[in-house]
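Asker: Next comes the structure file model-v1.pdb, holding PDB, C-alpha atoms, pLDDT in the B column.
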```
ATOM      1  CA  MET A   1       9.313 -44.279 -71.584  1.00 51.00           C
ATOM      2  CA  LYS A   2       8.904 -40.755 -70.328  1.00 50.00           C
ATOM      3  CA  THR A   3       9.654 -40.099 -66.639  1.00 49.00           C
ATOM      4  CA  VAL A   4       7.570 -37.498 -64.833  1.00 49.00           C
ATOM      5  CA  ASN A   5       9.390 -35.467 -62.226  1.00 54.00           C
ATOM      6  CA  ASN A   6       6.916 -35.312 -59.307  1.00 54.00           C
ATOM      7  CA  SER A   7       9.454 -34.551 -56.566  1.00 52.00           C
ATOM      8  CA  ARG A   8       7.719 -31.283 -55.691  1.00 56.00           C
ATOM      9  CA  GLY A   9       4.428 -33.043 -54.977  1.00 53.00           C
ATOM     10  CA  LEU A  10       6.214 -35.738 -53.035  1.00 46.00           C
ATOM     11  CA  ARG A  11       7.963 -33.183 -50.853  1.00 50.00           C
ATOM     12  CA  LYS A  12       4.645 -31.444 -50.242  1.00 50.00           C
ATOM     13  CA  SER A  13       2.917 -34.671 -49.229  1.00 48.00           C
ATOM     14  CA  LEU A  14       5.760 -35.603 -46.891  1.00 48.00           C
ATOM     15  CA  ARG A  15       5.941 -32.212 -45.215  1.00 53.00           C
ATOM     16  CA  ILE A  16       5.533 -32.585 -41.412  1.00 47.00           C
ATOM     17  CA  ARG A  17       3.155 -30.139 -39.843  1.00 53.00           C
ATOM     18  CA  PRO A  18       3.147 -29.439 -36.077  1.00 51.00           C
ATOM     19  CA  ALA A  19       0.341 -31.311 -34.361  1.00 51.00           C
ATOM     20  CA  SER A  20      -0.364 -28.551 -31.893  1.00 51.00           C
ATOM     21  CA  PRO A  21       0.305 -24.842 -31.418  1.00 50.00           C
ATOM     22  CA  PHE A  22       2.742 -25.790 -28.653  1.00 47.00           C
ATOM     23  CA  ALA A  23       5.368 -27.015 -31.098  1.00 50.00           C
ATOM     24  CA  ILE A  24       8.977 -26.120 -30.355  1.00 49.00           C
ATOM     25  CA  GLY A  25       9.708 -22.477 -30.954  1.00 51.00           C
ATOM     26  CA  GLN A  26       6.094 -21.554 -31.557  1.00 52.00           C
ATOM     27  CA  SER A  27       4.037 -19.466 -29.148  1.00 52.00           C
ATOM     28  CA  PRO A  28       0.539 -20.838 -28.450  1.00 52.00           C
ATOM     29  CA  PHE A  29      -0.856 -17.307 -28.534  1.00 50.00           C
ATOM     30  CA  ILE A  30      -0.061 -16.567 -32.194  1.00 50.00           C
ATOM     31  CA  ARG A  31      -2.774 -18.998 -33.313  1.00 54.00           C
ATOM     32  CA  LEU A  32      -5.510 -17.255 -31.318  1.00 55.00           C
ATOM     33  CA  ASP A  33      -7.905 -15.539 -33.669  1.00 62.00           C
ATOM     34  CA  ARG A  34     -10.246 -12.746 -32.679  1.00 63.00           C
ATOM     35  CA  LEU A  35     -12.792 -15.159 -31.222  1.00 64.00           C
ATOM     36  CA  GLY A  36     -10.079 -16.938 -29.231  1.00 71.00           C
ATOM     37  CA  TRP A  37      -8.840 -13.718 -27.691  1.00 68.00           C
ATOM     38  CA  ARG A  38     -12.402 -12.779 -26.752  1.00 73.00           C
ATOM     39  CA  GLN A  39     -12.981 -16.134 -25.052  1.00 77.00           C
ATOM     40  CA  LEU A  40      -9.696 -15.800 -23.192  1.00 74.00           C
ATOM     41  CA  ALA A  41     -10.625 -12.301 -21.996  1.00 75.00           C
ATOM     42  CA  GLU A  42     -14.047 -13.487 -20.810  1.00 76.00           C
ATOM     43  CA  THR A  43     -12.463 -16.395 -18.918  1.00 79.00           C
ATOM     44  CA  LEU A  44      -9.976 -14.117 -17.157  1.00 80.00           C
ATOM     45  CA  LEU A  45     -12.757 -11.690 -16.264  1.00 77.00           C
ATOM     46  CA  LEU A  46     -14.868 -14.498 -14.797  1.00 73.00           C
ATOM     47  CA  ALA A  47     -11.890 -15.731 -12.762  1.00 65.00           C
ATOM     48  CA  ALA A  48     -11.338 -12.211 -11.397  1.00 62.00           C
ATOM     49  CA  VAL A  49     -14.990 -11.924 -10.370  1.00 54.00           C
ATOM     50  CA  LEU A  50     -14.961 -15.308  -8.627  1.00 56.00           C
ATOM     51  CA  PHE A  51     -11.701 -14.477  -6.833  1.00 50.00           C
ATOM     52  CA  SER A  52     -13.086 -11.159  -5.600  1.00 47.00           C
ATOM     53  CA  ALA A  53     -16.083 -12.992  -4.158  1.00 44.00           C
ATOM     54  CA  LEU A  54     -13.886 -15.139  -1.898  1.00 45.00           C
ATOM     55  CA  PRO A  55     -13.628 -14.165   1.795  1.00 45.00           C
ATOM     56  CA  ASP A  56     -10.932 -11.542   2.270  1.00 45.00           C
ATOM     57  CA  LEU A  57      -8.793 -12.821   5.103  1.00 47.00           C
ATOM     58  CA  GLU A  58      -6.593  -9.717   5.121  1.00 56.00           C
ATOM     59  CA  ALA A  59      -9.363  -7.112   5.452  1.00 56.00           C
ATOM     60  CA  ALA A  60      -9.755  -7.942   9.125  1.00 76.00           C
ATOM     61  CA  ALA A  61     -11.022  -4.769  10.826  1.00 93.00           C
ATOM     62  CA  VAL A  62     -14.009  -3.243   9.052  1.00 95.00           C
ATOM     63  CA  PHE A  63     -15.457  -0.020  10.441  1.00 96.00           C
ATOM     64  CA  GLN A  64     -18.747   1.736   9.954  1.00 95.00           C
ATOM     65  CA  GLY A  65     -18.313   5.438  10.504  1.00 95.00           C
ATOM     66  CA  PRO A  66     -15.391   6.787  12.534  1.00 95.00           C
ATOM     67  CA  ASP A  67     -15.157   4.124  15.254  1.00 96.00           C
ATOM     68  CA  THR A  68     -17.921   1.491  14.979  1.00 97.00           C
ATOM     69  CA  LEU A  69     -16.320  -1.908  14.421  1.00 97.00           C
ATOM     70  CA  LEU A  70     -18.313  -4.525  12.526  1.00 97.00           C
ATOM     71  CA  ARG A  71     -18.164  -7.943  14.137  1.00 97.00           C
ATOM     72  CA  PRO A  72     -15.536 -10.139  12.408  1.00 95.00           C
ATOM     73  CA  THR A  73     -17.141 -13.215  10.869  1.00 91.00           C
ATOM     74  CA  ASN A  74     -14.187 -15.203   9.537  1.00 92.00           C
ATOM     75  CA  TYR A  75     -11.845 -14.970  12.521  1.00 96.00           C
ATOM     76  CA  ARG A  76     -11.718 -18.757  12.982  1.00 95.00           C
ATOM     77  CA  GLU A  77      -9.742 -18.866   9.730  1.00 95.00           C
ATOM     78  CA  TRP A  78      -7.047 -16.659  11.296  1.00 97.00           C
ATOM     79  CA  VAL A  79      -4.038 -17.673  13.376  1.00 97.00           C
ATOM     80  CA  PHE A  80      -4.976 -19.259  16.692  1.00 97.00           C
ATOM     81  CA  VAL A  81      -2.476 -17.880  19.206  1.00 97.00           C
ATOM     82  CA  GLY A  82      -3.652 -19.266  22.535  1.00 96.00           C
ATOM     83  CA  SER A  83      -6.327 -20.364  24.966  1.00 96.00           C
ATOM     84  CA  SER A  84      -6.799 -20.067  28.700  1.00 95.00           C
ATOM     85  CA  ILE A  85      -9.329 -20.939  31.352  1.00 93.00           C
ATOM     86  CA  GLY A  86     -10.280 -18.677  34.236  1.00 90.00           C
ATOM     87  CA  LEU A  87      -7.376 -16.306  33.538  1.00 91.00           C
ATOM     88  CA  GLU A  88      -8.031 -12.600  34.039  1.00 87.00           C
ATOM     89  CA  TYR A  89      -6.714  -9.457  35.678  1.00 86.00           C
ATOM     90  CA  SER A  90      -9.404  -8.180  38.027  1.00 76.00           C
ATOM     91  CA  PRO A  91      -9.976  -7.468  41.726  1.00 69.00           C
ATOM     92  CA  GLU A  92     -11.965 -10.681  41.915  1.00 61.00           C
ATOM     93  CA  SER A  93      -8.862 -12.672  40.969  1.00 51.00           C
ATOM     94  CA  ASP A  94      -7.500 -12.098  44.467  1.00 52.00           C
ATOM     95  CA  LYS A  95     -10.337 -13.927  46.111  1.00 47.00           C
ATOM     96  CA  GLN A  96     -12.156 -17.158  45.548  1.00 52.00           C
ATOM     97  CA  LYS A  97     -14.556 -16.971  42.623  1.00 55.00           C
ATOM     98  CA  SER A  98     -17.926 -18.558  42.598  1.00 50.00           C
ATOM     99  CA  GLY A  99     -19.259 -20.408  39.572  1.00 58.00           C
ATOM    100  CA  LYS A 100     -17.414 -21.946  36.623  1.00 68.00           C
ATOM    101  CA  SER A 101     -14.449 -20.392  34.897  1.00 87.00           C
ATOM    102  CA  GLU A 102     -14.642 -19.489  31.227  1.00 93.00           C
ATOM    103  CA  TYR A 103     -12.427 -20.560  28.349  1.00 96.00           C
ATOM    104  CA  LYS A 104     -10.929 -17.789  26.233  1.00 96.00           C
ATOM    105  CA  ASN A 105      -9.624 -18.436  22.708  1.00 98.00           C
ATOM    106  CA  VAL A 106      -7.572 -15.765  20.939  1.00 98.00           C
ATOM    107  CA  TYR A 107      -7.147 -15.327  17.170  1.00 98.00           C
ATOM    108  CA  LEU A 108      -4.870 -12.921  15.263  1.00 98.00           C
ATOM    109  CA  ASN A 109      -5.392 -11.757  11.671  1.00 97.00           C
ATOM    110  CA  PRO A 110      -2.852 -13.433   9.319  1.00 96.00           C
ATOM    111  CA  SER A 111      -1.151 -10.303   7.937  1.00 96.00           C
ATOM    112  CA  ALA A 112      -0.448  -9.042  11.467  1.00 97.00           C
ATOM    113  CA  TYR A 113       0.929 -12.456  12.447  1.00 97.00           C
ATOM    114  CA  ARG A 114       3.340 -12.470   9.508  1.00 96.00           C
ATOM    115  CA  LYS A 115       4.538  -8.963  10.328  1.00 95.00           C
ATOM    116  CA  PHE A 116       4.930  -9.814  13.998  1.00 96.00           C
ATOM    117  CA  ALA A 117       6.892 -12.948  13.118  1.00 95.00           C
ATOM    118  CA  LYS A 118       9.376 -10.798  11.175  1.00 94.00           C
ATOM    119  CA  THR A 119       9.685  -7.781  13.454  1.00 94.00           C
ATOM    120  CA  GLY A 120       8.334  -8.693  16.883  1.00 93.00           C
ATOM    121  CA  LYS A 121       5.951  -5.731  16.574  1.00 94.00           C
ATOM    122  CA  PHE A 122       2.236  -5.529  15.907  1.00 96.00           C
ATOM    123  CA  PRO A 123       1.542  -3.442  12.773  1.00 96.00           C
ATOM    124  CA  GLU A 124      -1.241  -0.973  12.139  1.00 97.00           C
ATOM    125  CA  GLY A 125      -4.420  -2.865  11.350  1.00 96.00           C
ATOM    126  CA  THR A 126      -3.736  -5.614  13.868  1.00 97.00           C
ATOM    127  CA  ILE A 127      -6.892  -7.185  15.258  1.00 98.00           C
ATOM    128  CA  LEU A 128      -7.108  -9.840  17.946  1.00 98.00           C
ATOM    129  CA  VAL A 129     -10.406 -11.573  18.588  1.00 98.00           C
ATOM    130  CA  LEU A 130     -11.179 -13.111  21.971  1.00 97.00           C
ATOM    131  CA  GLU A 131     -13.857 -15.785  21.915  1.00 96.00           C
ATOM    132  CA  THR A 132     -15.370 -16.874  25.218  1.00 95.00           C
ATOM    133  CA  ALA A 133     -16.828 -20.328  25.872  1.00 95.00           C
ATOM    134  CA  SER A 134     -18.546 -21.894  28.838  1.00 93.00           C
ATOM    135  CA  THR A 135     -16.910 -24.736  30.728  1.00 92.00           C
ATOM    136  CA  GLU A 136     -18.141 -28.248  31.270  1.00 92.00           C
ATOM    137  CA  THR A 137     -16.448 -30.782  33.542  1.00 92.00           C
ATOM    138  CA  LYS A 138     -16.314 -34.542  33.335  1.00 92.00           C
ATOM    139  CA  ASN A 139     -15.521 -36.586  36.424  1.00 91.00           C
ATOM    140  CA  GLU A 140     -16.334 -40.209  35.837  1.00 93.00           C
ATOM    141  CA  PRO A 141     -14.408 -43.475  35.649  1.00 94.00           C
ATOM    142  CA  GLY A 142     -11.955 -43.258  32.766  1.00 92.00           C
ATOM    143  CA  LEU A 143     -12.806 -39.653  31.889  1.00 94.00           C
ATOM    144  CA  GLN A 144     -11.840 -36.566  33.878  1.00 93.00           C
ATOM    145  CA  GLY A 145     -11.234 -32.948  32.958  1.00 93.00           C
ATOM    146  CA  SER A 146     -12.905 -29.893  31.468  1.00 92.00           C
ATOM    147  CA  PHE A 147     -13.840 -28.852  27.951  1.00 92.00           C
ATOM    148  CA  GLN A 148     -15.487 -25.983  26.085  1.00 93.00           C
ATOM    149  CA  LYS A 149     -19.227 -26.417  25.872  1.00 93.00           C
ATOM    150  CA  GLU A 150     -20.923 -23.365  24.281  1.00 94.00           C
ATOM    151  CA  PHE A 151     -19.660 -20.101  22.838  1.00 93.00           C
ATOM    152  CA  ILE A 152     -21.012 -17.261  24.944  1.00 94.00           C
ATOM    153  CA  GLY A 153     -19.099 -14.087  24.071  1.00 95.00           C
ATOM    154  CA  LEU A 154     -16.868 -12.221  21.657  1.00 97.00           C
ATOM    155  CA  SER A 155     -14.483  -9.267  22.023  1.00 97.00           C
ATOM    156  CA  ALA A 156     -11.835  -7.648  19.846  1.00 98.00           C
ATOM    157  CA  ALA A 157      -8.778  -5.400  20.092  1.00 98.00           C
ATOM    158  CA  VAL A 158      -7.738  -3.229  17.128  1.00 98.00           C
ATOM    159  CA  LYS A 159      -4.563  -1.227  16.562  1.00 98.00           C
ATOM    160  CA  ASP A 160      -5.284   1.862  14.447  1.00 97.00           C
ATOM    161  CA  SER A 161      -3.412   5.016  15.448  1.00 96.00           C
ATOM    162  CA  LYS A 162      -5.107   7.121  12.765  1.00 95.00           C
ATOM    163  CA  ARG A 163      -8.514   6.261  14.152  1.00 96.00           C
ATOM    164  CA  PHE A 164      -7.812   6.076  17.875  1.00 96.00           C
ATOM    165  CA  LYS A 165      -5.762   8.474  19.997  1.00 95.00           C
ATOM    166  CA  GLU A 166      -4.256   5.686  22.103  1.00 95.00           C
ATOM    167  CA  SER A 167      -3.616   3.476  19.018  1.00 97.00           C
ATOM    168  CA  TRP A 168      -5.464   0.526  20.538  1.00 98.00           C
ATOM    169  CA  ALA A 169      -9.226   0.234  21.056  1.00 97.00           C
ATOM    170  CA  TYR A 170     -11.282  -2.580  22.554  1.00 98.00           C
ATOM    171  CA  PHE A 171     -14.742  -3.766  21.567  1.00 98.00           C
ATOM    172  CA  ARG A 172     -17.307  -6.071  23.140  1.00 97.00           C
ATOM    173  CA  PHE A 173     -19.908  -7.768  20.925  1.00 97.00           C
ATOM    174  CA  SER A 174     -21.656  -9.771  23.633  1.00 93.00           C
ATOM    175  CA  LYS A 175     -25.182  -8.797  24.600  1.00 88.00           C
ATOM    176  CA  GLY A 176     -26.101 -11.550  27.025  1.00 80.00           C
ATOM    177  CA  ALA A 177     -27.330 -15.151  26.828  1.00 75.00           C
ATOM    178  CA  GLY A 178     -24.771 -16.069  24.178  1.00 78.00           C
ATOM    179  CA  LYS A 179     -26.085 -13.495  21.707  1.00 91.00           C
ATOM    180  CA  LEU A 180     -23.804 -11.207  19.732  1.00 95.00           C
ATOM    181  CA  LYS A 181     -24.186  -7.715  18.327  1.00 95.00           C
ATOM    182  CA  ALA A 182     -23.434  -6.969  14.680  1.00 97.00           C
ATOM    183  CA  SER A 183     -21.242  -4.003  15.632  1.00 97.00           C
ATOM    184  CA  ALA A 184     -19.700  -2.353  18.670  1.00 97.00           C
ATOM    185  CA  GLN A 185     -18.361   0.974  19.897  1.00 97.00           C
ATOM    186  CA  PRO A 186     -14.976   1.262  21.663  1.00 97.00           C
ATOM    187  CA  ALA A 187     -15.064   0.370  25.350  1.00 95.00           C
ATOM    188  CA  GLU A 188     -14.125   2.883  28.030  1.00 94.00           C
ATOM    189  CA  LYS A 189     -10.379   3.146  28.678  1.00 90.00           C
ATOM    190  CA  SER A 190     -10.796   1.905  32.216  1.00 90.00           C
ATOM    191  CA  ALA A 191     -12.565  -1.236  31.006  1.00 90.00           C
ATOM    192  CA  CYS A 192      -9.728  -2.716  28.902  1.00 93.00           C
ATOM    193  CA  TYR A 193      -7.106  -0.263  27.680  1.00 94.00           C
ATOM    194  CA  ASP A 194      -5.527   0.600  31.033  1.00 93.00           C
ATOM    195  CA  CYS A 195      -5.051  -3.052  31.948  1.00 94.00           C
ATOM    196  CA  HIS A 196      -3.584  -3.974  28.564  1.00 95.00           C
ATOM    197  CA  ARG A 197      -1.220  -1.010  28.658  1.00 94.00           C
ATOM    198  CA  GLU A 198       0.010  -1.919  32.139  1.00 94.00           C
ATOM    199  CA  LYS A 199       0.021  -5.726  31.965  1.00 94.00           C
ATOM    200  CA  GLY A 200       0.589  -6.562  28.292  1.00 95.00           C
ATOM    201  CA  ALA A 201       4.146  -7.823  27.745  1.00 94.00           C
ATOM    202  CA  THR A 202       4.336  -6.630  24.117  1.00 95.00           C
ATOM    203  CA  ASP A 203       2.612  -3.470  22.902  1.00 96.00           C
ATOM    204  CA  HIS A 204      -0.591  -3.877  24.953  1.00 96.00           C
ATOM    205  CA  VAL A 205      -0.840  -7.598  24.078  1.00 97.00           C
ATOM    206  CA  PHE A 206      -0.592 -10.399  26.642  1.00 96.00           C
ATOM    207  CA  THR A 207       2.114 -12.270  24.748  1.00 96.00           C
ATOM    208  CA  GLN A 208       3.264 -13.694  28.087  1.00 95.00           C
ATOM    209  CA  PHE A 209       0.274 -16.050  27.737  1.00 96.00           C
ATOM    210  CA  TYR A 210       0.675 -16.803  24.010  1.00 96.00           C
ATOM    211  CA  PRO A 211       3.610 -19.167  23.348  1.00 94.00           C
ATOM    212  CA  VAL A 212       2.637 -19.283  19.662  1.00 96.00           C
ATOM    213  CA  LEU A 213       3.587 -15.608  19.309  1.00 96.00           C
ATOM    214  CA  ARG A 214       6.712 -15.886  21.429  1.00 93.00           C
ATOM    215  CA  ALA A 215       7.886 -18.795  19.292  1.00 94.00           C
ATOM    216  CA  ALA A 216       7.128 -16.906  16.064  1.00 93.00           C
ATOM    217  CA  ALA A 217       9.228 -13.893  17.020  1.00 83.00           C
ATOM    218  CA  PRO A 218      12.442 -14.785  18.893  1.00 62.00           C
ATOM    219  CA  ALA A 219      13.048 -11.088  19.550  1.00 54.00           C
ATOM    220  CA  VAL A 220      10.059 -10.941  21.875  1.00 48.00           C
ATOM    221  CA  PRO A 221      11.341 -10.568  25.463  1.00 56.00           C
ATOM    222  CA  PRO A 222      10.557 -13.337  27.954  1.00 56.00           C
ATOM    223  CA  PRO A 223       7.431 -12.898  30.048  1.00 56.00           C
ATOM    224  CA  ARG A 224       7.792 -10.291  32.765  1.00 59.00           C
ATOM    225  CA  SER A 225       6.725 -11.223  36.246  1.00 51.00           C
ATOM    226  CA  ARG A 226       3.399  -9.694  37.103  1.00 53.00           C
ATOM    227  CA  PRO A 227       2.116  -8.715  40.526  1.00 50.00           C
TER     228      PRO A 227
END
```
For this file, write the structure as structure tokens.

Answerer:
Amino acid sequence: MKTVNNSRGLRKSLRIRPASPFAIGQSPFIRLDRLGWRQLAETLLLAAVLFSALPDLEAAAVFQGPDTLLRPTNYREWVFVGSSIGLEYSPESDKQKSGKSEYKNVYLNPSAYRKFAKTGKFPEGTILVLETASTETKNEPGLQGSFQKEFIGLSAAVKDSKRFKESWAYFRFSKGAGKLKASAQPAEKSACYDCHREKGATDHVFTQFYPVLRAAAPAVPPPRSRP
């Protein structure tokens, strides 16, 4: 009987092929043909377009022309640094006020918060937004106290020494009856700047009223007593 040597065919049939391009020692990219590379490029391009369409939380202060600030729209996604009710520096503070006090909520853009947390200083491009709300009071059995009812105003402070001589500028977007303007010009120095420069504990900012900021930056000095 004649024996046929078929060892070569047997070895070929028993050869183990990797089940996927992710086999040990093999890069998944070497198996991409021209069509695969094109599909990959199109996918990455689509991802870049979608990412660019997301709200930019860092581009906080947007100006139109030399000094017209566009009203921030995504500030409630920023860092909430504090709230107060009926707190203000004004001649009227020395005498009894009539009417209800207002709530004031303050937000800081995230990049400025991170920088402040590291250095205790507010960087260029800092913007703080002050949102004003009306007050409602409950005084009934089992429920007493005040709460924010309606949003009625919006203001902002921006630090930009290249744009403003005094570095800081202040803007008011309110135009009465709870309505807001799409943009605003800097307020007169006497309206906001002078008070912030004199009373602000840290670089024109009232950090004496914002424990969130004081806790973030241990180097911030304790609140100074104010007259």

Asker: Considering all atoms listed in the file, can you say which of A:Trp168, A:Ala182, A:Lys115, A:Leu46 comes closest to A:Cys195?

Answerer: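 Selected residue with least distance to A:Cys195: A:Trp168.
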
Asker: Under the rule that all atoms listed in the file are counted, which of A:Ala187, A:Ala217, A:Val129, A:Ile85 is the nearest residue to A:Phe147?

Answerer: A:Ile85

Asker: The PyMOL selection byres ((chain A and resi 207) around 12) - which residues does that actually catch in the file I just gave you? List them as a PDB file with C-alpha atoms, in the coordinates of the input.

Answerer:
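Contents of out-v2.pdb, freshly written:
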```
ATOM      1  CA  VAL A  81      -2.476 -17.880  19.206  1.00 97.00           C
ATOM      2  CA  GLY A  82      -3.652 -19.266  22.535  1.00 96.00           C
ATOM      3  CA  SER A  83      -6.327 -20.364  24.966  1.00 96.00           C
ATOM      4  CA  VAL A 106      -7.572 -15.765  20.939  1.00 98.00           C
ATOM      5  CA  LEU A 108      -4.870 -12.921  15.263  1.00 98.00           C
ATOM      6  CA  PHE A 116       4.930  -9.814  13.998  1.00 96.00           C
ATOM      7  CA  GLY A 120       8.334  -8.693  16.883  1.00 93.00           C
ATOM      8  CA  LYS A 121       5.951  -5.731  16.574  1.00 94.00           C
ATOM      9  CA  PHE A 122       2.236  -5.529  15.907  1.00 96.00           C
ATOM     10  CA  LEU A 128      -7.108  -9.840  17.946  1.00 98.00           C
ATOM     11  CA  HIS A 196      -3.584  -3.974  28.564  1.00 95.00           C
ATOM     12  CA  LYS A 199       0.021  -5.726  31.965  1.00 94.00           C
ATOM     13  CA  GLY A 200       0.589  -6.562  28.292  1.00 95.00           C
ATOM     14  CA  ALA A 201       4.146  -7.823  27.745  1.00 94.00           C
ATOM     15  CA  THR A 202       4.336  -6.630  24.117  1.00 95.00           C
ATOM     16  CA  ASP A 203       2.612  -3.470  22.902  1.00 96.00           C
ATOM     17  CA  HIS A 204      -0.591  -3.877  24.953  1.00 96.00           C
ATOM     18  CA  VAL A 205      -0.840  -7.598  24.078  1.00 97.00           C
ATOM     19  CA  PHE A 206      -0.592 -10.399  26.642  1.00 96.00           C
ATOM     20  CA  GLN A 208       3.264 -13.694  28.087  1.00 95.00           C
ATOM     21  CA  PHE A 209       0.274 -16.050  27.737  1.00 96.00           C
ATOM     22  CA  TYR A 210       0.675 -16.803  24.010  1.00 96.00           C
ATOM     23  CA  PRO A 211       3.610 -19.167  23.348  1.00 94.00           C
ATOM     24  CA  VAL A 212       2.637 -19.283  19.662  1.00 96.00           C
ATOM     25  CA  LEU A 213       3.587 -15.608  19.309  1.00 96.00           C
ATOM     26  CA  ARG A 214       6.712 -15.886  21.429  1.00 93.00           C
ATOM     27  CA  ALA A 215       7.886 -18.795  19.292  1.00 94.00           C
ATOM     28  CA  ALA A 216       7.128 -16.906  16.064  1.00 93.00           C
ATOM     29  CA  ALA A 217       9.228 -13.893  17.020  1.00 83.00           C
ATOM     30  CA  VAL A 220      10.059 -10.941  21.875  1.00 48.00           C
ATOM     31  CA  PRO A 221      11.341 -10.568  25.463  1.00 56.00           C
ATOM     32  CA  PRO A 222      10.557 -13.337  27.954  1.00 56.00           C
ATOM     33  CA  PRO A 223       7.431 -12.898  30.048  1.00 56.00           C
ATOM     34  CA  ARG A 224       7.792 -10.291  32.765  1.00 59.00           C
TER      35      ARG A 224
END
```

Asker: Go ahead and find all residues with at least one atom no further than 12 Å from (-9.3, -4.2, 28.8) in the file's coordinates, using all atoms listed in the file; report them as a PyMOL selection string.

Answerer: chain A and resi 88-90+130+155-158+168-172+186-200+204-206

Asker: Tell me which of A:Gln39, A:Thr68, A:Ser134, A:Gln144 sits closest to A:Asn105, counting all atoms listed in the file.

Answerer: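 The closest residue to A:Asn105 is A:Ser134.
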
Asker: Evaluate the PyMOL selection byres ((chain A and resi 150) around 6) here and jot the selected residues down as a PDB file with C-alpha atoms, in the coordinates of the input.

Answerer:
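See out12.pdb below for the written result:
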```pdb
ATOM      1  CA  ALA A 133     -16.828 -20.328  25.872  1.00 95.00           C
ATOM      2  CA  SER A 134     -18.546 -21.894  28.838  1.00 93.00           C
ATOM      3  CA  LYS A 149     -19.227 -26.417  25.872  1.00 93.00           C
ATOM      4  CA  PHE A 151     -19.660 -20.101  22.838  1.00 93.00           C
TER       5      PHE A 151
END
```

Asker: Calculate how many Å separate atom CA of A:Gly65 from atom CA of A:Ser183, rounding to one decimal.

Answerer: 11.1 Å

Asker: One decimal, in Å: what's the spacing between atom CA of A:Ala177 and atom CA of A:Ala60?

Answerer: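 Between these atoms lies a distance of 26.0 Å.
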
Asker: Using the chain letters and numbers from the file, give me the residues hit by the PyMOL selection byres ((chain A and resi 180) around 12), as an MDAnalysis selection string.

Answerer: chainID A and resid 70:73 131:132 151:155 171:179 181:184

Asker: Provide the atom CA of A:Pro110 to atom CA of A:Ser84 distance in Å, to one decimal place.

Answerer: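 Distance between the two atoms: 20.9 Å.
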